[in-house]
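Trainee: The structure is given below, and queries will be raised subsequently.
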Amino acid sequence: MVFSQTTALIGLILNLAIAIYAFKREWLDAGGTVAALTVGVLVFSFGGWTWLALLLFFFASSNALGRQWVKEKKLPRQEFAKEGVRDFWQVFANGGLAALLAVLYNVYQSPAIFAAFLGVIATITADTWGTEVGVLEKKPRLVTTFKGVKRGTSGAVSKLGLATTFAAGFLIAVLIYFLDWAGAIVGGSLGGSVTAAFGEPVRQFVGGFGLVLLTAFVAVVGGLADSFFGATVQGVYYCAKCKKETEKRLHRCGCKTKLKRGYAVIDNDAVNLLASIVGAAVAFALYSFFFH
Ligand SMILES: [Zn+2]
């Protein structure tokens, strides 16, 4: 979509409404709302409807899944660094790269950049879904050693989690087909410029099963990358009093925890950002190699 003041204004109004709604429902705190608004406006103004719809699919589905099986997830979730309400860095870690790619797309107009954006969406959706559903699995294993670990451990993978990441990627691909179809219909009745605004980058993809494969594959790769970074570089702490591994620096019991593995500077947000960079790079490379 060609950037204009009008689209930026529409983007601002649309995203402001969504951000306020999310803030009121306590999906986002104040900082998270500002970050989400910034990401949403950039993605819409520089990418277009399709891009924003994909971003909203991630946001809405993640929030919906987050509210499922609350009882079952209560125990493992206690050791997560952050729960429930998303803050500035959480939103930035998930959406920052997506916004940057929208801006780059506007400069270079390359469908490979849209592929990279797709890689980010597939990865962050796969990671969130994989965490929300995978944490239900009774006996997860660490992605690096395949040793059995406690539910909720950073870097843990399970069959259920993997199947969920694949489903996330597959559904995103289906959504792209739908958006393309809707864009063609709306564009057909309203004229070429609307088609361009709606689904220009999508048009260049659709026409093969390759897109579905690419998105589902990248979702699994991105989800695994997230687990891998979680198992290797993410700072994981240990509470000596409770004898528990945790992501928290200050434990629930009030005790200061000790760094057990990984690096203190790399928290769950940093891991998400790293994984989305991998997802973007893999999607970009696969698209450039197979589709061009
Ligand atoms: Zn403790």
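Quick note on naming: the chains in the structure tokens go A, B, ... in the order shown, residues restart at 1 in each chain, and ligands are numbered from 1 in order of appearance.
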List all protein, DNA and RNA residues that have at least one atom no more than 9 Å from any atom of ligand 1, counting only C-alpha atoms and all ligand atoms, and write them as a PyMOL selection string.

Mentor: chain A and resi 238-244+246+250-257

Trainee: Can you check which residues of stretch 8-255 of chain A DSSP gives as alpha helix (DSSP H) on the backbone and send them as a compact mmCIF listing (two decimals) with C-alpha atoms, in the first residue's frame?

Mentor:
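Saved to out00.txt:
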# COMPACT_ATOMS: atom_id res chain seq x y z
CA ALA A 8 -2.10 7.07 8.31
CA LEU A 9 -5.14 8.88 9.71
CA ILE A 10 -7.43 5.88 9.13
CA GLY A 11 -4.76 3.69 10.71
CA LEU A 12 -4.54 5.96 13.73
CA ILE A 13 -8.31 6.02 14.34
CA LEU A 14 -8.68 2.27 13.79
CA ASN A 15 -5.75 1.32 15.99
CA LEU A 16 -6.67 3.82 18.68
CA ALA A 17 -10.07 2.14 18.99
CA ILE A 18 -8.45 -1.31 19.22
CA ALA A 19 -5.80 -0.14 21.71
CA ILE A 20 -8.36 1.49 24.00
CA TYR A 21 -10.50 -1.65 23.87
CA ALA A 22 -7.50 -3.85 24.76
CA PHE A 23 -6.46 -1.49 27.56
CA LYS A 24 -9.95 -1.45 29.06
CA ALA A 30 -0.42 1.75 29.68
CA GLY A 31 3.04 1.11 28.18
CA GLY A 32 1.76 -1.90 26.27
CA THR A 33 -1.08 0.19 24.85
CA VAL A 34 1.35 2.85 23.56
CA ALA A 35 3.55 0.16 21.97
CA ALA A 36 0.58 -1.65 20.40
CA LEU A 37 -0.80 1.62 19.00
CA THR A 38 2.58 2.50 17.46
CA VAL A 39 3.04 -0.96 15.95
CA GLY A 40 -0.56 -1.05 14.65
CA VAL A 41 -0.38 2.39 13.00
CA LEU A 42 2.98 1.62 11.33
CA VAL A 43 1.85 -1.80 10.10
CA PHE A 44 -1.41 -0.42 8.70
CA SER A 45 0.01 2.79 7.19
CA PHE A 46 2.97 1.14 5.48
CA TRP A 49 -5.25 -4.05 5.52
CA THR A 50 -3.81 -7.50 4.99
CA TRP A 51 -0.85 -6.80 7.21
CA LEU A 52 -2.99 -5.36 9.99
CA ALA A 53 -5.47 -8.25 9.76
CA LEU A 54 -2.62 -10.75 10.27
CA LEU A 55 -1.31 -8.79 13.24
CA LEU A 56 -4.80 -8.63 14.77
CA PHE A 57 -5.25 -12.36 14.24
CA PHE A 58 -2.14 -12.94 16.35
CA PHE A 59 -3.27 -10.49 19.02
CA ALA A 60 -6.88 -11.67 19.30
CA SER A 61 -6.15 -15.39 19.15
CA SER A 62 -3.34 -15.13 21.72
CA ASN A 63 -5.57 -13.26 24.14
CA ALA A 64 -8.40 -15.74 23.61
CA LEU A 65 -6.09 -18.73 24.24
CA GLY A 66 -4.60 -16.99 27.26
CA VAL A 70 -6.87 -20.98 33.45
CA LYS A 71 -7.10 -23.52 36.28
CA GLU A 72 -4.90 -26.10 34.57
CA LYS A 73 -2.25 -23.51 33.75
CA LYS A 74 -2.19 -21.78 37.12
CA LEU A 75 0.69 -23.79 38.58
CA PRO A 76 3.25 -23.64 35.72
CA ARG A 77 2.31 -20.02 35.00
CA PHE A 88 5.64 -2.19 26.60
CA TRP A 89 8.58 -4.56 26.11
CA GLN A 90 6.37 -7.60 25.58
CA VAL A 91 4.47 -5.84 22.81
CA PHE A 92 7.63 -4.35 21.36
CA ALA A 93 9.38 -7.77 21.35
CA ASN A 94 6.45 -9.29 19.45
CA GLY A 95 5.49 -6.40 17.16
CA GLY A 96 8.60 -4.21 16.74
CA LEU A 97 10.10 -6.25 13.92
CA ALA A 98 6.70 -6.53 12.20
CA ALA A 99 6.43 -2.72 12.17
CA LEU A 100 9.98 -2.31 10.86
CA LEU A 101 9.26 -4.76 8.01
CA ALA A 102 6.13 -2.81 7.03
CA VAL A 103 8.22 0.35 6.75
CA LEU A 104 10.90 -1.50 4.73
CA TYR A 105 8.23 -2.93 2.43
CA ASN A 106 7.10 0.58 1.64
CA VAL A 107 10.63 1.50 0.63
CA TYR A 108 11.62 -1.61 -1.36
CA PRO A 111 7.28 -9.44 -1.71
CA ALA A 112 10.20 -11.15 0.05
CA ILE A 113 9.78 -8.52 2.80
CA PHE A 114 6.12 -9.49 3.08
CA ALA A 115 7.33 -13.09 3.42
CA ALA A 116 9.59 -11.98 6.28
CA PHE A 117 6.61 -10.24 7.92
CA LEU A 118 4.67 -13.47 7.51
CA GLY A 119 7.58 -15.25 9.20
CA VAL A 120 7.31 -12.89 12.19
CA ILE A 121 3.54 -13.36 12.49
CA ALA A 122 3.89 -17.16 12.15
CA THR A 123 6.62 -17.25 14.80
CA ILE A 124 4.98 -15.05 17.43
CA THR A 125 1.63 -16.78 16.95
CA ALA A 126 3.24 -20.22 17.09
CA ASP A 127 5.18 -19.27 20.21
CA THR A 128 2.17 -17.85 22.06
CA TRP A 129 -0.15 -20.70 21.04
CA GLY A 130 2.55 -23.27 21.73
CA THR A 131 3.07 -21.83 25.21
CA GLU A 132 -0.62 -21.49 26.03
CA VAL A 133 -1.50 -25.01 24.86
CA GLY A 134 1.85 -26.79 25.26
CA LYS A 159 4.06 -33.06 20.98
CA LEU A 160 1.00 -31.04 21.87
CA GLY A 161 2.95 -27.78 21.65
CA LEU A 162 4.52 -28.72 18.32
CA ALA A 163 1.18 -29.73 16.83
CA THR A 164 -0.21 -26.39 18.01
CA THR A 165 2.58 -24.38 16.35
CA PHE A 166 1.93 -26.24 13.08
CA ALA A 167 -1.80 -25.52 13.37
CA ALA A 168 -1.03 -21.84 13.99
CA GLY A 169 1.04 -21.60 10.81
CA PHE A 170 -1.56 -23.49 8.80
CA LEU A 171 -4.39 -21.23 10.00
CA ILE A 172 -2.40 -18.11 9.18
CA ALA A 173 -1.93 -19.41 5.64
CA VAL A 174 -5.67 -20.09 5.37
CA LEU A 175 -6.33 -16.55 6.62
CA ILE A 176 -4.06 -15.16 3.90
CA TYR A 177 -6.03 -17.06 1.25
CA PHE A 178 -9.23 -15.66 2.69
CA LEU A 179 -7.88 -12.09 2.77
CA ASP A 180 -6.73 -12.43 -0.80
CA TRP A 181 -10.12 -13.73 -1.87
CA ALA A 182 -11.93 -10.96 0.04
CA GLY A 183 -9.55 -8.36 -1.38
CA ALA A 184 -10.20 -9.54 -4.93
CA ILE A 185 -13.98 -9.35 -4.43
CA VAL A 186 -13.93 -5.94 -2.77
CA GLY A 187 -11.35 -4.71 -5.27
CA GLY A 188 -13.35 -6.10 -8.20
CA SER A 189 -16.34 -4.01 -7.29
CA LEU A 190 -14.47 -0.90 -6.21
CA GLY A 192 -7.88 -1.54 -8.93
CA SER A 193 -6.54 0.87 -6.32
CA VAL A 194 -8.58 -0.90 -3.65
CA THR A 195 -7.21 -4.28 -4.74
CA ALA A 196 -3.76 -2.80 -4.40
CA ALA A 197 -4.51 -1.47 -0.94
CA PHE A 198 -6.09 -4.72 0.16
CA GLY A 199 -3.96 -7.48 -1.08
CA GLU A 200 -1.14 -6.44 -3.33
CA PRO A 201 1.61 -8.38 -1.56
CA VAL A 202 -0.71 -11.34 -1.06
CA ARG A 203 -1.54 -11.55 -4.77
CA GLY A 210 3.80 -23.37 -1.44
CA LEU A 211 2.50 -20.53 0.68
CA VAL A 212 0.71 -22.85 3.09
CA LEU A 213 3.80 -25.03 3.40
CA LEU A 214 6.09 -22.06 3.88
CA THR A 215 3.97 -20.48 6.62
CA ALA A 216 3.36 -23.74 8.51
CA PHE A 217 7.05 -24.66 8.24
CA VAL A 218 8.22 -21.25 9.46
CA ALA A 219 5.75 -21.41 12.36
CA VAL A 220 7.32 -24.68 13.53
CA VAL A 221 10.89 -23.42 12.96
CA GLY A 222 10.15 -20.12 14.73
CA GLY A 223 8.44 -21.89 17.62
CA LEU A 224 11.39 -24.29 17.98
CA ALA A 225 13.85 -21.37 17.79
CA ASP A 226 11.97 -19.77 20.67
CA SER A 227 12.26 -22.97 22.72
CA PHE A 228 15.92 -23.31 21.77
CA PHE A 229 16.79 -19.79 22.95
CA GLY A 230 14.67 -20.41 26.04
CA ALA A 231 16.71 -23.51 26.85
CA THR A 232 20.14 -22.01 26.13

Trainee: Excluding stretch 135-141 of chain A and residues on its chain fewer than 3 positions from it, collect all residues at most 6 Å away from it, counting only C-alpha atoms, and give them as JSON, numbers by chain.

Mentor: {"A": [131, 132, 146, 147, 148, 149, 151, 152, 156, 157, 158]}
